[in-house]
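K.L.:
Data: final18.cif, mmCIF, C-alpha atoms and all ligand atoms.
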```cif
data_start
loop_
_atom_site.label_atom_id
_atom_site.label_comp_id
_atom_site.auth_asym_id
_atom_site.auth_seq_id
_atom_site.Cartn_x
_atom_site.Cartn_y
_atom_site.Cartn_z
CA MET A 205 46.72 -120.35 3.27
CA LYS A 206 48.92 -123.25 2.12
CA LYS A 207 46.52 -123.81 -0.78
CA ILE A 208 46.77 -120.18 -1.81
CA ILE A 209 50.55 -120.32 -1.72
CA ALA A 210 50.49 -123.50 -3.83
CA LEU A 211 48.16 -121.86 -6.32
CA VAL A 212 50.35 -118.77 -6.55
CA MET A 213 53.41 -120.98 -7.06
CA ALA A 214 51.63 -122.92 -9.81
CA LEU A 215 50.60 -119.70 -11.51
CA LEU A 216 54.19 -118.48 -11.26
CA VAL A 217 55.42 -121.61 -13.02
CA VAL A 218 52.79 -121.05 -15.70
CA ALA A 219 53.83 -117.41 -16.05
CA LEU A 220 57.54 -118.20 -16.19
CA CYS A 221 57.50 -121.31 -18.28
CA GLY A 222 54.09 -121.37 -19.91
CA VAL A 223 53.18 -124.86 -18.67
CA ALA A 224 50.24 -125.68 -16.41
CA THR A 225 50.20 -129.36 -15.54
CA ALA A 226 52.10 -132.49 -16.47
CA GLU A 227 49.24 -133.71 -18.71
CA ASP A 228 49.25 -130.80 -21.11
CA ALA A 229 53.02 -130.25 -21.12
CA PRO A 230 54.58 -130.07 -24.58
CA LYS A 231 56.74 -132.78 -26.15
CA ILE A 232 60.24 -131.47 -26.78
CA GLY A 233 62.78 -133.02 -29.15
CA VAL A 234 66.38 -132.01 -28.50
CA ALA A 235 69.14 -132.87 -30.99
CA ILE A 236 72.71 -132.35 -29.73
CA TYR A 237 75.57 -132.51 -32.25
CA GLN A 238 77.73 -134.72 -30.02
CA PHE A 239 77.35 -135.84 -26.39
CA ALA A 240 81.14 -136.25 -26.10
CA ASP A 241 81.66 -132.46 -26.36
CA ASN A 242 82.62 -131.01 -22.92
CA PHE A 243 80.76 -127.74 -23.34
CA MET A 244 77.62 -129.26 -24.87
CA THR A 245 77.55 -131.76 -21.99
CA LEU A 246 77.25 -128.89 -19.52
CA TYR A 247 74.68 -127.25 -21.77
CA ARG A 248 72.38 -130.26 -22.27
CA THR A 249 72.59 -131.28 -18.61
CA GLU A 250 71.46 -127.84 -17.52
CA LEU A 251 68.80 -127.71 -20.26
CA ALA A 252 67.27 -130.98 -19.04
CA ARG A 253 67.52 -129.93 -15.39
CA TYR A 254 65.90 -126.56 -16.01
CA LEU A 255 63.07 -127.95 -18.14
CA THR A 256 62.17 -130.61 -15.60
CA GLU A 257 62.96 -129.01 -12.24
CA ASP A 258 62.27 -125.34 -12.88
CA CYS A 259 59.66 -125.52 -15.66
CA GLY A 260 57.87 -128.63 -14.46
CA ILE A 261 58.00 -130.52 -17.76
CA PRO A 262 57.78 -134.25 -17.10
CA ALA A 263 61.06 -135.97 -18.01
CA GLU A 264 59.25 -138.36 -20.38
CA ASN A 265 58.19 -135.40 -22.53
CA ILE A 266 61.82 -134.50 -23.26
CA VAL A 267 63.93 -136.62 -25.57
CA ILE A 268 67.58 -135.67 -26.06
CA MET A 269 69.50 -137.39 -28.87
CA ASP A 270 73.24 -137.71 -29.53
CA GLY A 271 74.06 -136.83 -33.15
CA LYS A 272 77.53 -138.40 -32.67
CA ASN A 273 79.01 -135.67 -34.84
CA ASP A 274 77.36 -137.30 -37.86
CA GLN A 275 74.86 -135.21 -39.83
CA ALA A 276 73.20 -138.25 -41.44
CA GLU A 277 72.57 -139.73 -37.99
CA GLN A 278 71.20 -136.44 -36.68
CA THR A 279 68.94 -135.99 -39.71
CA ASN A 280 67.37 -139.39 -38.94
CA GLN A 281 66.82 -138.31 -35.34
CA ILE A 282 65.13 -135.09 -36.44
CA ASP A 283 62.96 -137.05 -38.90
CA SER A 284 61.76 -139.28 -36.06
CA PHE A 285 61.04 -136.29 -33.83
CA ILE A 286 58.88 -134.88 -36.63
CA ALA A 287 57.17 -138.25 -37.18
CA ASP A 288 56.49 -138.39 -33.41
CA ASN A 289 54.81 -135.00 -33.66
CA VAL A 290 56.88 -133.17 -31.05
CA ASP A 291 55.61 -129.68 -30.22
CA VAL A 292 58.99 -128.00 -30.57
CA LEU A 293 62.53 -128.86 -31.62
CA ILE A 294 65.73 -127.60 -29.99
CA ILE A 295 68.56 -128.26 -32.41
CA ASN A 296 72.34 -128.08 -32.10
CA LEU A 297 73.22 -128.94 -35.70
CA VAL A 298 76.15 -131.17 -36.58
CA GLN A 299 76.65 -129.09 -39.72
CA SER A 300 75.26 -125.57 -39.86
CA SER A 301 74.90 -126.07 -43.62
CA SER A 302 72.05 -128.53 -42.95
CA ALA A 303 69.85 -125.80 -41.48
CA ALA A 304 67.85 -125.16 -44.67
CA SER A 305 66.67 -128.75 -45.07
CA VAL A 306 65.77 -129.00 -41.35
CA ILE A 307 63.82 -125.74 -41.54
CA GLN A 308 61.86 -126.91 -44.59
CA LYS A 309 60.88 -130.21 -42.97
CA ALA A 310 59.92 -128.64 -39.64
CA ASP A 311 57.95 -125.90 -41.39
CA ALA A 312 56.03 -128.44 -43.45
CA ALA A 313 55.06 -130.17 -40.18
CA GLY A 314 54.30 -126.85 -38.43
CA ILE A 315 56.91 -127.45 -35.72
CA PRO A 316 58.87 -124.47 -34.38
CA VAL A 317 62.67 -124.81 -34.20
CA VAL A 318 65.05 -123.26 -31.70
CA PHE A 319 68.59 -123.54 -33.04
CA ILE A 320 71.31 -123.44 -30.40
CA ASN A 321 75.10 -123.14 -30.28
CA ARG A 322 75.75 -123.49 -34.03
CA GLU A 323 74.33 -120.50 -35.78
CA PRO A 324 72.83 -121.04 -39.24
CA VAL A 325 73.75 -118.42 -41.87
CA ALA A 326 71.47 -115.38 -42.21
CA ASP A 327 69.99 -116.63 -45.53
CA ASP A 328 68.80 -119.80 -43.82
CA MET A 329 67.49 -117.88 -40.81
CA ALA A 330 65.33 -115.90 -43.25
CA LEU A 331 63.62 -119.05 -44.56
CA SER A 332 60.93 -119.21 -41.86
CA GLU A 333 59.13 -117.15 -39.24
CA ASN A 334 58.87 -120.18 -37.04
CA ILE A 335 62.56 -120.51 -36.14
CA CYS A 336 65.05 -118.71 -33.95
CA TYR A 337 68.66 -118.88 -32.84
CA VAL A 338 69.76 -118.74 -29.20
CA GLY A 339 73.47 -118.23 -28.74
CA ALA A 340 76.36 -115.98 -27.97
CA ASP A 341 78.13 -113.65 -30.40
CA ALA A 342 81.46 -115.38 -30.99
CA ARG A 343 83.08 -112.10 -32.06
CA GLN A 344 82.83 -111.01 -28.44
CA SER A 345 84.64 -114.13 -27.16
CA GLY A 346 87.47 -113.69 -29.66
CA THR A 347 87.80 -110.02 -28.80
CA PHE A 348 87.99 -110.84 -25.08
CA GLN A 349 90.76 -113.40 -25.69
CA GLY A 350 92.82 -110.84 -27.61
CA GLU A 351 92.19 -108.15 -25.00
CA ILE A 352 93.38 -110.44 -22.19
CA VAL A 353 96.66 -110.90 -24.07
CA ALA A 354 96.98 -107.18 -24.87
CA GLU A 355 96.45 -106.43 -21.16
CA THR A 356 99.39 -108.58 -19.98
CA GLU A 357 102.47 -106.68 -18.70
CA ASN A 358 104.44 -107.28 -21.92
CA LYS A 359 101.37 -106.96 -24.16
CA GLY A 360 101.61 -110.56 -25.30
CA ASP A 361 105.23 -110.30 -26.40
CA ILE A 362 106.55 -112.54 -23.63
CA ASN A 363 109.83 -113.34 -25.45
CA GLY A 364 110.44 -109.64 -26.11
CA ASN A 365 111.21 -109.88 -29.83
CA GLY A 366 108.83 -107.07 -30.79
CA THR A 367 105.88 -109.11 -32.13
CA VAL A 368 103.15 -111.27 -30.66
CA ASP A 369 104.01 -114.63 -32.23
CA TYR A 370 101.03 -116.89 -31.92
CA VAL A 371 99.67 -120.36 -32.49
CA MET A 372 95.96 -120.72 -33.28
CA ILE A 373 94.21 -123.99 -32.52
CA MET A 374 90.82 -123.82 -34.19
CA GLY A 375 87.51 -125.54 -33.56
CA ASP A 376 85.63 -127.05 -36.50
CA PRO A 377 86.12 -124.32 -39.14
CA GLU A 378 82.56 -124.79 -40.42
CA ASN A 379 81.29 -123.29 -37.13
CA ILE A 380 81.00 -119.56 -37.00
CA ASP A 381 82.30 -119.71 -33.40
CA ALA A 382 85.62 -121.05 -34.71
CA GLN A 383 85.78 -118.53 -37.55
CA TYR A 384 84.99 -115.49 -35.41
CA ARG A 385 87.17 -116.46 -32.43
CA THR A 386 90.11 -117.00 -34.78
CA GLU A 387 89.57 -113.65 -36.47
CA TYR A 388 88.56 -111.42 -33.57
CA SER A 389 91.22 -112.55 -31.06
CA ILE A 390 93.88 -111.31 -33.47
CA LYS A 391 91.88 -108.23 -34.45
CA ALA A 392 91.84 -107.17 -30.77
CA LEU A 393 95.64 -107.32 -30.77
CA THR A 394 96.05 -105.30 -33.97
CA ASP A 395 93.35 -102.85 -32.80
CA ALA A 396 95.50 -102.33 -29.70
CA GLY A 397 98.35 -101.37 -32.05
CA LEU A 398 100.36 -104.57 -31.54
CA ALA A 399 102.39 -106.31 -34.23
CA VAL A 400 101.33 -109.93 -34.68
CA ASN A 401 102.87 -112.92 -36.40
CA LYS A 402 100.97 -116.14 -37.08
CA LEU A 403 103.31 -119.11 -36.68
CA PHE A 404 100.78 -121.94 -36.88
CA GLU A 405 97.03 -122.37 -37.41
CA GLN A 406 95.24 -125.70 -37.60
CA ARG A 407 91.87 -127.24 -36.82
CA GLY A 408 91.53 -129.21 -33.61
CA ASP A 409 87.74 -129.66 -33.99
CA TRP A 410 87.01 -128.58 -30.39
CA ASP A 411 88.73 -131.75 -29.17
CA GLN A 412 91.14 -132.03 -26.23
CA THR A 413 93.32 -134.80 -27.71
CA LYS A 414 93.66 -132.96 -31.01
CA GLY A 415 94.46 -129.75 -29.09
CA GLN A 416 97.31 -131.54 -27.33
CA GLU A 417 98.69 -133.05 -30.55
CA LEU A 418 98.59 -129.76 -32.44
CA ALA A 419 100.16 -127.78 -29.60
CA ALA A 420 102.92 -130.42 -29.30
CA THR A 421 103.61 -130.13 -33.04
CA ALA A 422 103.68 -126.32 -32.88
CA LEU A 423 105.92 -126.31 -29.80
CA SER A 424 108.42 -128.69 -31.36
CA GLN A 425 108.40 -126.71 -34.60
CA TYR A 426 108.58 -123.16 -33.21
CA GLY A 427 109.89 -123.59 -29.65
CA ASN A 428 110.63 -120.37 -27.81
CA ASP A 429 109.42 -118.23 -30.71
CA ILE A 430 105.87 -118.85 -29.50
CA ASP A 431 104.44 -116.15 -27.23
CA VAL A 432 100.79 -117.20 -27.17
CA ILE A 433 98.71 -120.29 -27.82
CA PHE A 434 95.11 -119.31 -28.60
CA CYS A 435 92.58 -122.14 -28.49
CA ASN A 436 89.05 -121.62 -29.77
CA ASN A 437 87.76 -123.51 -26.72
CA ASP A 438 88.83 -124.74 -23.29
CA ALA A 439 88.85 -128.43 -24.16
CA MET A 440 91.62 -127.80 -26.68
CA ALA A 441 93.36 -125.47 -24.21
CA LEU A 442 93.42 -128.31 -21.65
CA GLY A 443 95.16 -130.44 -24.27
CA ALA A 444 97.53 -127.62 -25.21
CA TYR A 445 98.40 -127.16 -21.53
CA GLN A 446 99.60 -130.77 -21.34
CA ALA A 447 101.79 -130.20 -24.42
CA ILE A 448 103.17 -127.01 -22.84
CA VAL A 449 104.11 -128.88 -19.66
CA ASP A 450 105.64 -131.74 -21.70
CA ALA A 451 107.74 -129.19 -23.60
CA GLY A 452 109.07 -127.79 -20.31
CA ARG A 453 107.42 -124.41 -20.81
CA VAL A 454 105.68 -122.44 -18.05
CA VAL A 455 102.43 -120.53 -18.60
CA GLY A 456 102.72 -116.93 -17.41
CA GLU A 457 106.55 -117.11 -17.38
CA ASP A 458 107.47 -117.90 -20.98
CA ILE A 459 104.17 -118.51 -22.78
CA TYR A 460 100.51 -117.46 -22.64
CA LEU A 461 97.54 -119.82 -23.02
CA LEU A 462 93.95 -118.79 -23.81
CA GLY A 463 90.68 -120.70 -24.14
CA VAL A 464 86.93 -120.06 -24.26
CA ASP A 465 84.06 -121.62 -22.23
CA CYS A 466 85.27 -121.32 -18.63
CA LEU A 467 85.01 -125.03 -17.87
CA ASP A 468 85.50 -125.61 -14.12
CA GLU A 469 89.01 -127.06 -14.67
CA CYS A 470 90.03 -124.01 -16.65
CA LYS A 471 88.58 -121.57 -14.14
CA ALA A 472 90.74 -123.25 -11.49
CA MET A 473 93.76 -123.04 -13.81
CA VAL A 474 93.22 -119.32 -14.41
CA GLU A 475 93.07 -118.84 -10.62
CA ALA A 476 96.29 -120.85 -10.23
CA GLY A 477 97.99 -118.98 -13.08
CA THR A 478 98.46 -122.08 -15.25
CA MET A 479 96.14 -120.61 -17.85
CA THR A 480 96.32 -116.94 -18.83
CA GLY A 481 92.61 -116.47 -19.35
CA THR A 482 89.37 -117.84 -20.70
CA VAL A 483 85.94 -116.46 -21.58
CA LEU A 484 82.73 -117.62 -19.93
CA ASN A 485 80.45 -119.16 -22.54
CA ASP A 486 77.27 -118.94 -20.45
CA HIS A 487 75.67 -122.37 -20.89
CA ILE A 488 73.26 -121.59 -18.06
CA GLY A 489 71.93 -118.38 -19.62
CA GLN A 490 71.82 -119.98 -23.07
CA SER A 491 70.07 -123.18 -21.99
CA HIS A 492 67.50 -121.29 -19.93
CA THR A 493 66.76 -118.90 -22.78
CA ALA A 494 66.48 -121.79 -25.23
CA ALA A 495 64.05 -123.60 -22.91
CA ASP A 496 61.92 -120.51 -22.22
CA VAL A 497 61.68 -119.66 -25.92
CA ALA A 498 60.94 -123.28 -26.86
CA LEU A 499 58.08 -123.47 -24.35
CA LYS A 500 56.60 -120.22 -25.62
CA ALA A 501 56.87 -121.41 -29.22
CA ALA A 502 55.27 -124.73 -28.30
CA ALA A 503 52.37 -122.73 -26.84
CA GLY A 504 51.97 -120.95 -30.17
CA GLU A 505 53.71 -117.67 -29.32
CA LYS A 506 55.76 -115.92 -31.95
CA MET A 507 59.52 -115.96 -31.45
CA GLU A 508 62.10 -113.24 -32.06
CA LYS A 509 64.66 -114.28 -34.66
CA TYR A 510 67.70 -114.03 -32.37
CA TYR A 511 68.31 -114.26 -28.63
CA TRP A 512 71.85 -113.30 -27.53
CA VAL A 513 73.58 -114.15 -24.29
CA ASP A 514 76.77 -112.26 -23.35
CA TYR A 515 80.23 -113.75 -22.91
CA VAL A 516 82.27 -112.71 -19.85
CA LYS A 517 86.05 -112.17 -19.74
CA VAL A 518 87.76 -114.42 -17.17
CA THR A 519 91.20 -113.55 -15.80
CA LYS A 520 92.91 -114.11 -12.47
C1 LIG A 601 82.11 -124.04 -27.52
C2 LIG A 601 82.93 -125.27 -27.75
C3 LIG A 601 82.06 -126.37 -28.30
C4 LIG A 601 81.31 -125.89 -29.52
C5 LIG A 601 80.36 -126.93 -30.05
C6 LIG A 601 81.39 -123.66 -28.79
O1 LIG A 601 80.59 -122.53 -28.57
O2 LIG A 601 82.94 -122.98 -27.12
O3 LIG A 601 83.53 -125.72 -26.58
O4 LIG A 601 82.87 -127.48 -28.63
O5 LIG A 601 80.59 -124.72 -29.21
O6 LIG A 601 79.67 -126.48 -31.17
#
```
Show the structure stored in the file as structure tokens.

P.N.:
Amino acid sequence: MKKIIALVMALLVVALCGVATAEDAPKIGVAIYQFADNFMTLYRTELARYLTEDCGIPAENIVIMDGKNDQAEQTNQIDSFIADNVDVLIINLVQSSSAASVIQKADAAGIPVVFINREPVADDMALSENICYVGADARQSGTFQGEIVAETENKGDINGNGTVDYVMIMGDPENIDAQYRTEYSIKALTDAGLAVNKLFEQRGDWDQTKGQELAATALSQYGNDIDVIFCNNDAMALGAYQAIVDAGRVVGEDIYLLGVDCLDECKAMVEAGTMTGTVLNDHIGQSHTAADVALKAAAGEKMEKYYWVDYVKVTK
């Protein structure tokens, strides 16, 4: 009986993840744009855990490299993955604009590529049948941020001057996530019929320290005129929160603060009221989908071009 159960379990693993035994497991090369990124740390940790624990891929078959936010460095890492003959690549580009050259190299070597987190432009996605993108539609996250503000009791106009005066702290503007979150958060406010006024918009490159510096600058420049600080991610919102406290302002009483990702710290802050809201960027759903698709591609199955994972609005 035990043997039958074991066999059924093994078959289940094969069915779910496409891998039979350790010996014939595929070699997977994973290139992450920067290990120091809070969100991508959660993502790659879960990706590695899922591949090994749930899909039964031996740890030695998975190599995860830190691109250190340097495209030249990451290109070298991808070149060595190709030279090592990996069966599939999972790539979080440093610069989305490098997609075309990566696709050409991988195609020439017959290696499928699963792009994650930083979406290549549609023209590049059309270059090969053997690639896909797994991610979340950043328009949705921006829209949710704007809706959270529009749903507050004073519709975002916390100082009551008739307009929603906002500060926008952007991620790396080359990333579509930064572009769409910046655009769609404000679009949700105007779609709700609210008057908006941009006081300040600068790039914080997804970074907590930069988020704090920029928010401090904006707060000293515009003071009580600011109703809302939108941050394209939670790391920058954590920094902005520190600047808000340093400026003697109180979230929920005289200013609103928004992020995206739903890092554990930020979830706790939303519960405590020290952050107005965030948006869950589902690193679990995305990493599992990326792993499942990568294993299928490594086994020679055809991929869809896009796999989308939903964002979720997070308020108190
Ligand atoms: C996340 C950011 C992260 C970025 C990295 C975004 O989707 O929201 O926190 O820094 O991806 O590319």

K.L.:
Collect all residues with atoms no farther than 10 Å from ligand LIG 601 (chain A), counting only C-alpha atoms and all ligand atoms, and output them as a VMD selection string.

P.N.:
chain A and resid 236 to 238 240 to 247 273 296 to 300 320 to 323 339 to 342 345 375 to 376 378 to 382 385 409 to 412 435 to 440 463 to 467 483 to 487

K.L.:
For the atom pair atom CA of Ile315 of chain A and atom CA of Gln275 of chain A, what is the interatomic distance in Å to one decimal place?

P.N.:
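Interatomic distance here is 20.0 Å.
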
K.L.:
Could you check how far atom CA of Leu462 of chain A sits from atom CA of Phe434 of chain A, in Å to one decimal?

P.N.:
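Calculated distance between atom CA of Leu462 of chain A and atom CA of Phe434 of chain A is 5.0 Å.
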
K.L.:
Quick one: residues within 9 Å of Ile286 of chain A, all atoms listed in the file counted, chain neighbours fewer than 4 positions away excluded, as a ChimeraX atom specification?

P.N.:
/A:233,281-282,290-291,293,309-310,313,315

K.L.:
Go through A:Thr482, A:Ser305, A:Asn334, A:Asn280 one by one, measure the shortest atom-to-atom distance of each to Gly504 of chain A using only C-alpha atoms, and give the residue with the smallest value.

P.N.:
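Of A:Thr482, A:Ser305, A:Asn334, A:Asn280, the one nearest Gly504 of chain A, counting only C-alpha atoms, is A:Asn334.
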
K.L.:
For Val353 of chain A, which residue out of A:Tyr426, A:Tyr337, A:Tyr370, A:Phe285 is the nearest one, using all atoms listed in the file?

P.N.:
A:Tyr370

K.L.:
Just the residues within 7 Å of Ala502 of chain A, please, counting only C-alpha atoms, with nothing from its chain fewer than 3 positions along; format it as a PDB file with C-alpha atoms, in the coordinates of the input.

P.N.:
```
ATOM      1  CA  PRO A 230      54.580-130.070 -24.580  1.00  0.00           C
ATOM      2  CA  ASP A 291      55.610-129.680 -30.220  1.00  0.00           C
ATOM      3  CA  VAL A 292      58.990-128.000 -30.570  1.00  0.00           C
ATOM      4  CA  ALA A 498      60.940-123.280 -26.860  1.00  0.00           C
ATOM      5  CA  LEU A 499      58.080-123.470 -24.350  1.00  0.00           C
TER       6      LEU A 499
END
```

K.L.:
Can you work out which one of A:Gln349, A:Ser301, A:Thr249, A:Gln344 has the shortest atom-to-atom distance to Gly481 of chain A, counting all atoms listed in the file?

P.N.:
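So, comparing all the options, the nearest one is A:Gln349.
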
K.L.:
Do you have the atom CA of Ser332 of chain A-atom CA of Gly271 of chain A distance handy?

P.N.:
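Calculated distance between atom CA of Ser332 of chain A and atom CA of Gly271 of chain A is 23.6 Å.
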
K.L.:
Would you list the residues near (111.0, -121.3, -34.2), meaning any protein, DNA or RNA residue with an atom at most 12 Å from that point in file coordinates, counting all atoms listed in the file, as a list in words?

P.N.:
Asn363, Asp369, Tyr370, Val371, Asn401, Lys402, Leu403, Phe404, Thr421, Ala422, Leu423, Ser424, Gln425, Tyr426, Gly427, Asn428, Asp429, Ile430 and Asp431 of chain A

K.L.:
Skipping near chain neighbours, those fewer than 5 positions away, what residues fall within 8 Å of Ser389 of chain A using only C-alpha atoms, listed as an MDAnalysis selection string?

P.N.:
chainID A and resid 345:351

K.L.:
Give me the residues within 12 Å of Glu264 of chain A as a compact mmCIF listing (two decimals) with C-alpha atoms, in the coordinates of the input, counting all atoms listed in the file and dropping any in the same chain fewer than 2 places off.

P.N.:
```
# COMPACT_ATOMS: atom_id res chain seq x y z
CA ALA A 226 52.10 -132.49 -16.47
CA GLU A 227 49.24 -133.71 -18.71
CA ALA A 229 53.02 -130.25 -21.12
CA PRO A 230 54.58 -130.07 -24.58
CA LYS A 231 56.74 -132.78 -26.15
CA ILE A 232 60.24 -131.47 -26.78
CA GLY A 233 62.78 -133.02 -29.15
CA ALA A 252 67.27 -130.98 -19.04
CA LEU A 255 63.07 -127.95 -18.14
CA THR A 256 62.17 -130.61 -15.60
CA GLY A 260 57.87 -128.63 -14.46
CA ILE A 261 58.00 -130.52 -17.76
CA PRO A 262 57.78 -134.25 -17.10
CA ILE A 266 61.82 -134.50 -23.26
CA VAL A 267 63.93 -136.62 -25.57
CA ILE A 268 67.58 -135.67 -26.06
```

K.L.:
Using all atoms listed in the file, which residues sit within 8 Å of Val400 of chain A once same-chain residues fewer than 5 positions away are excluded, as a CSV table (one decimal) with C-alpha atoms, in the frame of the given file?

P.N.:
```csv
chain,number,residue,atom,x,y,z
A,367,THR,CA,105.9,-109.1,-32.1
A,368,VAL,CA,103.2,-111.3,-30.7
A,369,ASP,CA,104.0,-114.6,-32.2
A,370,TYR,CA,101.0,-116.9,-31.9
A,390,ILE,CA,93.9,-111.3,-33.5
A,393,LEU,CA,95.6,-107.3,-30.8
A,394,THR,CA,96.0,-105.3,-34.0
```
